[in-house]
Amino acid sequence: MIENVIQIEKLRKSYKDVEVLKGVNVEVEKGKIFALLGSNGAGKTTMIRIMATLLERDAGSVVINGFKIEKNPAEIRNSISLTGQFAAIDEILTGRENLQMIAKLRHLRNPNQVADELINRFSMSEAADRRVGTYSGGMKRRIDIAMSLVGNPEIIFLDEPTTGLDPEARLEVWKIIQELSAAGTTIFLTTQYLEEAEQLADKIAILHDGKIIAQDTLEGLKKLFPPAKVEYVEKQLTLEEIFLAIIDDKEEK
Amino acid sequence: MESINKYFFKDMSVMFGRSMRHIFRSMDTIVTVCITPIAMMLLFVYVFGGAIETGTENYIDYLLPGVMLMTIGSGIAYVAYRLFLDKQRGIFERFHSMPIARSTILWGHVLTSLISNVISVVVIILVALLIGFRSSAGILEWLAVFGILGIFILALTWIAVIAGLSAKTPDGAGAFSYPIIFLPFISSAFVPTDTMPSVVRAFAENQPVTPIVEAIRNLLSNQPVGNEIWIALTWCIAIIVVAYIFAIRIYKKL
Ligand SMILES: Nc1ncnc2c1ncn2[C@@H]1O[C@H](COP(=O)(O)OP(=O)(O)O)[C@@H](O)[C@H]1O
Ligand SMILES: [Mg+2]
């Protein structure tokens with residue numbers, strides 16, 4: 001049986017009078033990379049914040065790792081970690097100290113060793129003892145993600161992990177995500193880049209106008225594309241074309 | 001919840017460790033906080049002091065308590081600023097998405113405030129000693145002085161928490177401190193209130209800085225402290241209670 005570690009049904013959320021999520025359904029299988037694709041302002045961060053127990057939903061059901069968000073937020077926090085849209089690092093501390101701090105807060109037995117291991121794994125030994133304030137954007141992202149791996153949480157939320165990174169740093173983040181997934185971690189990431197979803201995700205959901213307008217594997221999404229037009233295009237369809245086609249479709253109706 | 005409470009003190013000590021590193025790695029903050037009060041002290045002692053009739057022999061002795069409060073007033077802006085940064089940089093979110101006792105995060109900042117402001121006040125006292133401040137107070141009086149200052153710091157800290165958590169810009173976070181820095185001027189901190197026009201005088205004699213300054217002044221000069229120490233403490237504790245309730249309410253909504 002396929003196990004869904006994230007199960008969201010009819011999720012609704014408004015800020016004052018702006019309705020951002022209008023009945024979102026999402027299922028994420030254990031150990032998979034799930035990409036939530038949406039343009040700026042679509043509500044991706046809102047969804048992540050609700051799943052990470054940071055924001056209360058208005059309606060609908062959210063079950064993470066078998067725990068209901070309204071009943072067992074503490075258990076959920078034990079199973080997840082969050083890398084927000086903007087690097088959340090203490091810039092006055094060094095990279096190593098940041099990792100040690102998170103390890104202590106996760107109540108691990110050997111925080112210093114955990115920090116050392118992550119520093120090696122992310123090949124950051126040179127920068128590890130400098131203050132994070134001196135790091136480049138790519139390095140901040142790396143330490144930020146490393147902080148999310150402390151304690152090996154089962155589910156990792158990555159909110160636009162590569163936005164603002166140069167191509168080299170982006171590739172590096174992709175590699176980390178793939179390695180994590182290979183090790184069995186479930187990854188829920190959001191992105192505005194179609195290419196990123198295409199490259200990384202086992203399953204892609206497109207969030208548009210408050211709803212998931214498509215949720216499938218890349219192959220499945222490609223099938224959604226009207227076949228009449230396929231003859232037109234000889235090359236493999238990119239997600240971008242599918243995305244635009246679906247949105248066009250919706251807007252016509 | 002049980003598992004969270006079990007770690008309260010452990011989490012608290014991690015937050016405290018973080019705070020201490022912040023203090024000791026930003027000593028320039030303490031310098032910035034102390035510079036203006038030191039300048040005021042020099043100005044008042046060497047320029048205006050001769051013209052001010054306070055009834056004390058040594059004007060610096062009269063002046064020091066007010067300067068201490070000013071120092072705390074400017075130090076407090078940084079508390080709001082640090083909170084604002086933690087909020088804006090997503091550090092709160094990171095902590096809140098982890099299984100840790102939520103309140104320890106705020107208390108970490110409160111402790112930082114307490115310690116860094118006490119360090120600033122000590123710097124001010126040392127400078128005052130250099131320019132002639134002398135006190136006949138004993139250990140107990142000094143303890144009482146630092147007790148009052150500590151409670152005053154806590155009162156302003158909880159106001160700073162409100163400011164820092166609700167600010168939209170870094171400058172906005174610190175802006176609340178300007179009126180606080182200014183309060184000592186309309187009190188008995190620099191000149192006795194009896195030469196002030198009646199409206200100003202009424203304000204000066206009934207605002208919290210005056211009883212605090214006078215309680216500290218009496219303690220430092222080994223004079224008997226009267227009612228003013230209780231008025232001072234009542235003010236501070238009332239501010240702590242009210243500001244704490246509002247701060248927690250805002251914090252919960254983050
Ligand atoms: N705290 C908030 N108060 C009011 N509106 C908000 C708030 N947070 C987000 N929004 C609005 O909700 C919409 C979705 O925001 P967000 O979830 O951040 O989108 P995304 O992450 O996909 O860019 C946007 O229109 C944004 O302006
Ligand atoms: Mg976002």
# chains A, B, ... in the order shown; residues from 1 in each chain; ligands from 1
>>> interface_residues(of="chain A", to="chain B", cutoff="8 Å", atoms="only C-alpha atoms", output="JSON, numbers by chain")
{"A": [52, 53, 54, 74, 75, 77, 78, 80, 81, 82, 83, 84, 86, 87, 88, 89, 90, 92, 93, 101, 104, 105, 106]}
>>> closest_atom_pairs(of="chain A", to="ligand 2", cutoff="7 Å", atoms="only C-alpha atoms and all ligand atoms", output="Markdown table")
| residue | atom | partner | partner_atom_place_in_ligand_line | distance |
| --- | --- | --- | --- | --- |
| A:Asn40 | CA | ligand 2 | 1 (Mg) | 6.8 |
| A:Gly41 | CA | ligand 2 | 1 (Mg) | 6.7 |
| A:Gly43 | CA | ligand 2 | 1 (Mg) | 6.8 |
| A:Lys44 | CA | ligand 2 | 1 (Mg) | 5.4 |
| A:Thr45 | CA | ligand 2 | 1 (Mg) | 4.0 |
| A:Gln85 | CA | ligand 2 | 1 (Mg) | 6.1 |
| A:Asp159 | CA | ligand 2 | 1 (Mg) | 6.6 |
| A:Glu160 | CA | ligand 2 | 1 (Mg) | 6.9 |
>>> residues_around(residues="A:Met124", least_positions_apart="4", cutoff="10 Å", atoms="only C-alpha atoms", output="list of chain:residue names")
A:Gly95, A:Arg96, A:Asp116, A:Leu118, A:Ile119, A:Asn120, A:Ala128, A:Asp129, A:Met139, A:Arg142, A:Ile143
>>> write_last_selection(atoms="N, CA and C atoms", output="CSV table (one decimal), in the first residue's frame")
chain,number,residue,atom,x,y,z
A,95,GLY,N,28.8,29.3,11.2
A,95,GLY,CA,28.1,28.2,10.6
A,95,GLY,C,28.0,27.1,11.6
A,96,ARG,N,29.2,26.7,12.2
A,96,ARG,CA,29.2,25.6,13.1
A,96,ARG,C,28.3,25.8,14.3
A,116,ASP,N,29.7,18.7,13.1
A,116,ASP,CA,30.9,18.3,12.3
A,116,ASP,C,30.5,17.5,11.1
A,118,LEU,N,27.8,17.3,9.4
A,118,LEU,CA,27.1,18.1,8.4
A,118,LEU,C,28.1,19.1,7.7
A,119,ILE,N,29.0,19.6,8.4
A,119,ILE,CA,30.0,20.5,7.8
A,119,ILE,C,30.8,19.7,6.8
A,120,ASN,N,31.2,18.5,7.1
A,120,ASN,CA,31.9,17.7,6.2
A,120,ASN,C,31.1,17.4,4.9
A,128,ALA,N,33.2,27.1,8.1
A,128,ALA,CA,32.4,26.8,9.3
A,128,ALA,C,32.6,27.7,10.5
A,129,ASP,N,33.8,28.2,10.6
A,129,ASP,CA,34.1,28.9,11.8
A,129,ASP,C,34.1,30.5,11.6
A,139,MET,N,26.2,30.2,0.0
A,139,MET,CA,26.7,29.5,1.3
A,139,MET,C,25.7,29.6,2.3
A,142,ARG,N,23.2,27.0,1.8
A,142,ARG,CA,23.7,25.7,2.1
A,142,ARG,C,23.6,25.4,3.6
A,143,ILE,N,24.1,26.4,4.4
A,143,ILE,CA,24.0,26.2,5.8
A,143,ILE,C,22.6,26.1,6.3
>>> residues_near_ligand(ligand="ligand 1", cutoff="12 Å", atoms="only C-alpha atoms and all ligand atoms", output="count of residues only")
49
>>> closest_residue(among="A:Leu171, A:Ser136, A:Asn152, A:Glu91", to="A:Ala103", atoms="only C-alpha atoms")
A:Asn152
>>> select_by_dssp(residues="stretch 97-221 of chain A", states="strand (DSSP E or B)", output="list of chain:residue names")
A:Arg131, A:Ile155, A:Ile156, A:Phe157, A:Leu158, A:Asp159, A:Thr186, A:Ile187, A:Phe188, A:Leu189, A:Thr190, A:Thr191, A:Lys203, A:Ile204, A:Ala205, A:Ile206, A:Leu207, A:His208, A:Lys211, A:Ile212, A:Ile213, A:Ala214, A:Gln215, A:Asp216
>>> residues_around(residues="stretch 241-246 of chain B", least_positions_apart="5", cutoff="8 Å", atoms="only C-alpha atoms", output="list in words")
Ala155, Trp158, Ile159 and Ile162 of chain B
>>> select_by_dssp(residues="stretch 192-231 of chain B", states="helix (DSSP H, G or I)", output="number ranges by chain")
B: 193-195, 198-206, 209-220, 228-231
>>> write_last_selection(atoms="N, CA, C and O atoms", output="short mmCIF file (atom, residue, chain, number, x, y, z; two decimals), in the first residue's frame")
data_model
loop_
_atom_site.label_atom_id
_atom_site.label_comp_id
_atom_site.auth_asym_id
_atom_site.auth_seq_id
_atom_site.Cartn_x
_atom_site.Cartn_y
_atom_site.Cartn_z
N THR B 193 13.06 69.77 40.38
CA THR B 193 11.82 70.13 39.68
C THR B 193 11.24 71.46 40.16
O THR B 193 10.39 72.03 39.48
N ASP B 194 11.69 71.99 41.31
CA ASP B 194 10.96 73.14 41.87
C ASP B 194 11.13 74.45 41.10
O ASP B 194 10.42 75.41 41.36
N THR B 195 12.07 74.49 40.12
CA THR B 195 12.16 75.70 39.31
C THR B 195 11.34 75.60 38.03
O THR B 195 11.29 76.53 37.24
N SER B 198 4.59 75.28 36.42
CA SER B 198 3.76 74.34 37.17
C SER B 198 3.29 73.11 36.38
O SER B 198 3.29 72.01 36.90
N VAL B 199 2.91 73.30 35.10
CA VAL B 199 2.43 72.15 34.33
C VAL B 199 3.55 71.13 34.13
O VAL B 199 3.38 69.93 34.35
N VAL B 200 4.71 71.65 33.73
CA VAL B 200 5.87 70.78 33.50
C VAL B 200 6.25 70.09 34.80
O VAL B 200 6.53 68.89 34.84
N ARG B 201 6.18 70.87 35.86
CA ARG B 201 6.56 70.34 37.16
C ARG B 201 5.62 69.21 37.59
O ARG B 201 6.06 68.16 38.08
N ALA B 202 4.33 69.43 37.34
CA ALA B 202 3.36 68.40 37.70
C ALA B 202 3.67 67.12 36.94
O ALA B 202 3.65 66.02 37.51
N PHE B 203 4.00 67.28 35.66
CA PHE B 203 4.35 66.10 34.86
C PHE B 203 5.61 65.45 35.43
O PHE B 203 5.67 64.26 35.68
N ALA B 204 6.63 66.30 35.64
CA ALA B 204 7.93 65.78 36.08
C ALA B 204 7.82 65.02 37.40
O ALA B 204 8.46 63.99 37.58
N GLU B 205 6.97 65.51 38.28
CA GLU B 205 6.92 64.88 39.59
C GLU B 205 6.06 63.63 39.61
O GLU B 205 6.11 62.85 40.54
N ASN B 206 5.25 63.47 38.54
CA ASN B 206 4.36 62.32 38.54
C ASN B 206 4.69 61.28 37.48
O ASN B 206 3.92 60.37 37.24
N VAL B 209 10.19 58.35 35.98
CA VAL B 209 11.63 58.57 36.09
C VAL B 209 11.99 59.26 37.40
O VAL B 209 12.98 58.92 38.04
N THR B 210 11.18 60.22 37.83
CA THR B 210 11.53 60.99 39.03
C THR B 210 11.65 60.10 40.29
O THR B 210 12.70 60.14 40.95
N PRO B 211 10.66 59.30 40.63
CA PRO B 211 10.85 58.45 41.82
C PRO B 211 12.01 57.46 41.67
O PRO B 211 12.71 57.19 42.66
N ILE B 212 12.21 56.95 40.47
CA ILE B 212 13.32 55.99 40.29
C ILE B 212 14.64 56.70 40.52
O ILE B 212 15.51 56.23 41.27
N VAL B 213 14.80 57.88 39.87
CA VAL B 213 16.04 58.65 40.02
C VAL B 213 16.27 58.99 41.49
O VAL B 213 17.37 58.84 42.01
N GLU B 214 15.21 59.42 42.16
CA GLU B 214 15.42 59.85 43.56
C GLU B 214 15.71 58.69 44.48
O GLU B 214 16.54 58.80 45.39
N ALA B 215 15.07 57.57 44.22
CA ALA B 215 15.37 56.39 45.04
C ALA B 215 16.84 56.00 44.87
O ALA B 215 17.56 55.76 45.84
N ILE B 216 17.31 55.98 43.61
CA ILE B 216 18.71 55.59 43.37
C ILE B 216 19.66 56.63 43.96
O ILE B 216 20.66 56.29 44.59
N ARG B 217 19.30 57.90 43.79
CA ARG B 217 20.16 58.98 44.30
C ARG B 217 20.32 58.86 45.82
O ARG B 217 21.43 58.95 46.36
N ASN B 218 19.21 58.62 46.49
CA ASN B 218 19.27 58.48 47.95
C ASN B 218 20.07 57.26 48.37
O ASN B 218 20.84 57.31 49.33
N LEU B 219 19.88 56.16 47.65
CA LEU B 219 20.64 54.96 47.99
C LEU B 219 22.14 55.20 47.82
O LEU B 219 22.95 54.85 48.67
N LEU B 220 22.51 55.85 46.69
CA LEU B 220 23.93 56.06 46.40
C LEU B 220 24.57 57.03 47.39
O LEU B 220 25.76 56.94 47.68
N GLU B 228 9.54 57.03 47.77
CA GLU B 228 9.79 57.03 46.32
C GLU B 228 10.21 55.66 45.80
O GLU B 228 9.90 55.29 44.68
N ILE B 229 10.87 54.88 46.65
CA ILE B 229 11.28 53.56 46.16
C ILE B 229 10.06 52.69 45.87
O ILE B 229 10.03 51.95 44.89
N TRP B 230 9.01 52.84 46.67
CA TRP B 230 7.80 52.03 46.44
C TRP B 230 7.03 52.55 45.23
O TRP B 230 6.52 51.75 44.43
N ILE B 231 7.03 53.88 45.10
CA ILE B 231 6.38 54.44 43.91
C ILE B 231 7.13 53.97 42.66
O ILE B 231 6.53 53.54 41.67
#
>>> atom_distance(atom1="atom CA of B:Ala247", atom2="atom CA of B:Phe146")
24.5 Å
>>> residues_around(residues="stretch 30-36 of chain B", least_positions_apart="2", cutoff="8 Å", atoms="only C-alpha atoms", output="list in words")
Ser26, Met27, Asp28, Ile38, Ala39, Met40, Thr71, Ser74, Gly75, Ser116, Ile119, Ser120, Val123 and Ile124 of chain B
>>> atom_distance(atom1="atom CA of A:Ala205", atom2="atom CA of A:Ala59")
20.2 Å
>>> closest_residue(among="B:Leu114, B:Ile186, B:Val191, B:Ile151", to="B:Gly49", atoms="only C-alpha atoms")
B:Val191
>>> residues_around(residues="A:Val63", least_positions_apart="3", cutoff="7 Å", atoms="only C-alpha atoms", output="list in words")
Ile6, Gln7, Ile8, Gly66, Phe67, Lys68 and Ile69 of chain A
>>> write_last_selection(atoms="C-alpha atoms", output="tab-separated table (two decimals), in the first residue's frame")
chain	number	residue	atom	x	y	z
A	6	ILE	CA	1.16	14.39	3.74
A	7	GLN	CA	-2.56	14.37	3.18
A	8	ILE	CA	-4.34	17.66	2.65
A	66	GLY	CA	-0.24	10.53	10.52
A	67	PHE	CA	-0.76	13.46	12.90
A	68	LYS	CA	-3.60	15.90	12.59
A	69	ILE	CA	-2.36	19.44	12.56
